[in-house]
Amino acid sequence: MKSCNLSDELQKAHFKWDKVLEDPLALCSHISSILQRHALNGRIFPPGAADRPESSAVLFTLGMCQGGESSRPGACLILNKRSERVRQPGDLCFPGGGISPRIDPVISRIISLPLMPLGRWPHWEGLLRERPNQAMRLSLLLATGIREGLEEMGLNPLRIKFLGPLPSQDLVMYKRTIYPLATWVGGQRRFFPNREVEKVIRIPLKDLLKPCFYRRCRMLIRGSTSDFPCYLYKGTDGEEVLWGATFRIVMEFIRIVFQFEAPHMSNLPLVERSLSRDYLRA
């Protein structure tokens, strides 16, 4: 990805995080500790979070960059680009979806066992003992995210390390609440997208901490335009725009974990994009 010049203050901030972003153990420990303090001291999963039809769980997937994605080794976001066969084609998103009432309760019990993703989480036993309702909702939502990750991109459940929950997000265009769950995907170099996914994209975390890659995105759909803050990713095979609910989830993550605030939209360069007429199809 194209580099950008940073101020002295930002260079110091980047130097602070550079070694952490290149060390998976240190990064996972930092994220897990921050999210535990930030999220689980409150009621992040309200009543109905795990059984309402408008609830969705997504895996906020992190892993190491592959060759060509970054000039230096480091952590990346792992995102899906939605295919033309599904609603909101072309959007970047995390794997996830609605809860399956028949399958996900079974998966939730399995992932809570020792050596499984939730059973290995250092805060699981304490949450289960002190706040059993929150623990139940968390296990069901994580089960949904893991199942969807397996279906959408061939995500290996045994490669997943659960790091903690993030604040929920309400969709603007649909009546739906998303519950993001931060995970680390270790040792899986290849993914196997299904028909819903065009390709898998990795965005270096260090580049998300650089203001020069943020934009004001003007979206045209059905004859009207609206402006949104967005992130412009320039990969080896073209540009991708990160916007909408996924953008908001990512911004919450880097604000909580790295104390980084994206520039205000009014100060950003403009990019224009058109959405197809079928973008909002049911």
# chains A, B, ... in the order shown; residues from 1 in each chain; ligands from 1

call {"tool": "select_by_dssp", "arguments": {"residues": "segment 134-227 of chain A", "states": "strand (DSSP E)", "output": "ChimeraX atom specification"}}
result
/A:160-165,169-170,177-185,197-204,214-221,224-227

call {"tool": "select_by_dssp", "arguments": {"residues": "segment 137-202 of chain A", "states": "helix (DSSP H, G or I)", "output": "PyMOL selection string"}}
result
chain A and resi 137-153+157-159

call {"tool": "closest_residue", "arguments": {"among": "A:Met265, A:Leu62, A:Leu27, A:Cys4", "to": "Leu209 of chain A", "atoms": "only C-alpha atoms"}}
result
A:Cys4

call {"tool": "residues_around", "arguments": {"residues": "Arg222 of chain A", "least_positions_apart": "3", "cutoff": "10 Å", "atoms": "only C-alpha atoms", "output": "list in words"}}
result
Thr225, Ser274, Leu275, Ser276, Arg277, Asp278 and Tyr279 of chain A

call {"tool": "closest_residue", "arguments": {"among": "A:Lys19, A:Arg87, A:Arg137, A:Arg215", "to": "Glu240 of chain A", "atoms": "only C-alpha atoms"}}
result
A:Arg215

call {"tool": "residues_around", "arguments": {"residues": "segment 182-196 of chain A", "least_positions_apart": "6", "cutoff": "7 Å", "atoms": "only C-alpha atoms", "output": "number ranges by chain"}}
result
A: 59-63, 82-83, 85-86, 151-155, 159-166

call {"tool": "write_last_selection", "arguments": {"atoms": "C-alpha atoms", "output": "short mmCIF file (atom, residue, chain, number, x, y, z; two decimals), in the first residue's frame"}}
result
data_model
loop_
_atom_site.label_atom_id
_atom_site.label_comp_id
_atom_site.auth_asym_id
_atom_site.auth_seq_id
_atom_site.Cartn_x
_atom_site.Cartn_y
_atom_site.Cartn_z
CA LEU A 59 -16.06 -12.16 13.91
CA PHE A 60 -13.72 -9.18 14.00
CA THR A 61 -10.94 -11.22 12.41
CA LEU A 62 -7.27 -10.36 12.84
CA GLY A 63 -4.16 -12.19 11.67
CA ARG A 82 -19.19 -9.47 -0.75
CA SER A 83 -19.94 -11.05 -4.14
CA ARG A 85 -24.71 -12.84 -5.72
CA VAL A 86 -25.74 -11.34 -2.39
CA GLU A 151 -19.33 -21.30 5.91
CA GLU A 152 -18.31 -18.02 4.25
CA MET A 153 -14.53 -18.35 4.03
CA GLY A 154 -13.47 -21.75 5.32
CA LEU A 155 -12.23 -20.30 8.62
CA ARG A 159 -7.20 -21.68 14.57
CA ILE A 160 -9.34 -19.03 16.29
CA LYS A 161 -8.29 -17.30 19.49
CA PHE A 162 -11.08 -15.26 21.10
CA LEU A 163 -9.91 -11.82 22.32
CA GLY A 164 -13.10 -10.20 23.58
CA PRO A 165 -16.31 -8.41 22.57
CA LEU A 166 -16.60 -4.98 20.99
#

call {"tool": "residues_around", "arguments": {"residues": "Ile34 of chain A", "least_positions_apart": "5", "cutoff": "10 Å", "atoms": "only C-alpha atoms", "output": "list in words"}}
result
Cys28, Ser29, Ala39, Leu163, Gly164, Ile256, Val257 and Phe258 of chain A

call {"tool": "residues_around", "arguments": {"residues": "Asp170 of chain A", "least_positions_apart": "6", "cutoff": "10 Å", "atoms": "only C-alpha atoms", "output": "PyMOL selection string"}}
result
chain A and resi 54-55+176-179+245+248

call {"tool": "write_last_selection", "arguments": {"atoms": "C-alpha atoms", "output": "JSON list (two decimals), in the first residue's frame"}}
result
[["chain", "number", "residue", "atom", "x", "y", "z"],
["A", 54, "GLU", "CA", -32.58, -8.72, 14.17],
["A", 55, "SER", "CA", -29.38, -9.70, 16.03],
["A", 176, "ARG", "CA", -30.39, -5.04, 12.66],
["A", 177, "THR", "CA", -27.90, -4.91, 15.52],
["A", 178, "ILE", "CA", -24.39, -6.30, 15.00],
["A", 179, "TYR", "CA", -22.36, -7.77, 17.86],
["A", 245, "ALA", "CA", -21.19, -0.42, 9.69],
["A", 248, "ARG", "CA", -17.72, 2.08, 12.36]]

call {"tool": "closest_residue", "arguments": {"among": "A:Glu252, A:Glu148, A:Glu130, A:Glu125", "to": "Gly96 of chain A", "atoms": "only C-alpha atoms"}}
result
A:Glu148

call {"tool": "closest_residue", "arguments": {"among": "A:Arg131, A:Ala143, A:Arg102, A:Phe260", "to": "Leu118 of chain A", "atoms": "only C-alpha atoms"}}
result
A:Ala143

call {"tool": "closest_residue", "arguments": {"among": "A:Val58, A:Val197, A:Ala262, A:Leu242", "to": "Glu84 of chain A", "atoms": "only C-alpha atoms"}}
result
A:Val197

call {"tool": "residues_around", "arguments": {"residues": "Ser100 of chain A", "least_positions_apart": "6", "cutoff": "12 Å", "atoms": "only C-alpha atoms", "output": "PDB file with N, CA and C atoms, in the first residue's frame"}}
result
ATOM      1  N   ALA A  50     -29.110 -12.412  22.130  1.00  0.00           N
ATOM      2  CA  ALA A  50     -28.811 -13.709  21.529  1.00  0.00           C
ATOM      3  C   ALA A  50     -30.038 -14.428  20.994  1.00  0.00           C
ATOM      4  N   ASP A  51     -31.221 -13.800  21.047  1.00  0.00           N
ATOM      5  CA  ASP A  51     -32.385 -14.519  20.528  1.00  0.00           C
ATOM      6  C   ASP A  51     -33.325 -13.662  19.689  1.00  0.00           C
ATOM      7  N   ARG A  52     -33.000 -12.395  19.456  1.00  0.00           N
ATOM      8  CA  ARG A  52     -33.833 -11.568  18.587  1.00  0.00           C
ATOM      9  C   ARG A  52     -33.492 -11.825  17.128  1.00  0.00           C
ATOM     10  N   PRO A  53     -34.494 -11.841  16.252  1.00  0.00           N
ATOM     11  CA  PRO A  53     -34.214 -12.102  14.826  1.00  0.00           C
ATOM     12  C   PRO A  53     -33.372 -11.015  14.177  1.00  0.00           C
ATOM     13  N   SER A  55     -30.750  -9.646  15.518  1.00  0.00           N
ATOM     14  CA  SER A  55     -29.383  -9.697  16.033  1.00  0.00           C
ATOM     15  C   SER A  55     -28.474 -10.471  15.089  1.00  0.00           C
ATOM     16  N   SER A  56     -27.267  -9.958  14.917  1.00  0.00           N
ATOM     17  CA  SER A  56     -26.238 -10.645  14.133  1.00  0.00           C
ATOM     18  C   SER A  56     -24.932 -10.634  14.890  1.00  0.00           C
ATOM     19  N   ALA A  57     -24.149 -11.692  14.715  1.00  0.00           N
ATOM     20  CA  ALA A  57     -22.807 -11.758  15.285  1.00  0.00           C
ATOM     21  C   ALA A  57     -21.797 -11.757  14.151  1.00  0.00           C
ATOM     22  N   VAL A 106     -25.707 -25.762  20.114  1.00  0.00           N
ATOM     23  CA  VAL A 106     -24.824 -26.928  20.210  1.00  0.00           C
ATOM     24  C   VAL A 106     -23.369 -26.492  20.067  1.00  0.00           C
ATOM     25  N   ILE A 107     -23.105 -25.632  19.069  1.00  0.00           N
ATOM     26  CA  ILE A 107     -21.740 -25.138  18.860  1.00  0.00           C
ATOM     27  C   ILE A 107     -21.266 -24.348  20.078  1.00  0.00           C
ATOM     28  N   SER A 108     -22.188 -23.589  20.712  1.00  0.00           N
ATOM     29  CA  SER A 108     -21.797 -22.770  21.860  1.00  0.00           C
ATOM     30  C   SER A 108     -21.283 -23.623  23.009  1.00  0.00           C
ATOM     31  N   LEU A 140     -23.285 -17.956  22.676  1.00  0.00           N
ATOM     32  CA  LEU A 140     -24.161 -18.185  21.526  1.00  0.00           C
ATOM     33  C   LEU A 140     -23.770 -17.289  20.357  1.00  0.00           C
ATOM     34  N   LEU A 141     -23.470 -16.033  20.632  1.00  0.00           N
ATOM     35  CA  LEU A 141     -23.071 -15.120  19.562  1.00  0.00           C
ATOM     36  C   LEU A 141     -21.730 -15.526  18.953  1.00  0.00           C
ATOM     37  N   LEU A 142     -20.792 -15.955  19.795  1.00  0.00           N
ATOM     38  CA  LEU A 142     -19.505 -16.416  19.254  1.00  0.00           C
ATOM     39  C   LEU A 142     -19.690 -17.680  18.422  1.00  0.00           C
ATOM     40  N   ALA A 143     -20.571 -18.570  18.850  1.00  0.00           N
ATOM     41  CA  ALA A 143     -20.860 -19.776  18.063  1.00  0.00           C
ATOM     42  C   ALA A 143     -21.388 -19.400  16.678  1.00  0.00           C
ATOM     43  N   THR A 144     -22.264 -18.399  16.629  1.00  0.00           N
ATOM     44  CA  THR A 144     -22.802 -17.933  15.344  1.00  0.00           C
ATOM     45  C   THR A 144     -21.688 -17.404  14.452  1.00  0.00           C
ATOM     46  N   GLY A 145     -20.823 -16.574  15.019  1.00  0.00           N
ATOM     47  CA  GLY A 145     -19.731 -16.017  14.229  1.00  0.00           C
ATOM     48  C   GLY A 145     -18.790 -17.083  13.706  1.00  0.00           C
ATOM     49  N   ILE A 146     -18.467 -18.060  14.530  1.00  0.00           N
ATOM     50  CA  ILE A 146     -17.562 -19.131  14.101  1.00  0.00           C
ATOM     51  C   ILE A 146     -18.199 -19.968  13.001  1.00  0.00           C
ATOM     52  N   ARG A 147     -19.481 -20.299  13.154  1.00  0.00           N
ATOM     53  CA  ARG A 147     -20.164 -21.075  12.109  1.00  0.00           C
ATOM     54  C   ARG A 147     -20.190 -20.303  10.796  1.00  0.00           C
ATOM     55  N   GLU A 148     -20.517 -19.017  10.865  1.00  0.00           N
ATOM     56  CA  GLU A 148     -20.571 -18.212   9.646  1.00  0.00           C
ATOM     57  C   GLU A 148     -19.186 -18.067   9.019  1.00  0.00           C
TER      58      GLU A 148
END

call {"tool": "closest_residue", "arguments": {"among": "A:Phe247, A:Pro24, A:Leu232, A:His30", "to": "Leu171 of chain A", "atoms": "only C-alpha atoms"}}
result
A:Phe247

call {"tool": "atom_distance", "arguments": {"atom1": "atom CA of Pro117 of chain A", "atom2": "atom CA of Gln134 of chain A"}}
result
16.8 Å

call {"tool": "atom_distance", "arguments": {"atom1": "atom CA of Cys76 of chain A", "atom2": "atom CA of Ser139 of chain A"}}
result
25.0 Å
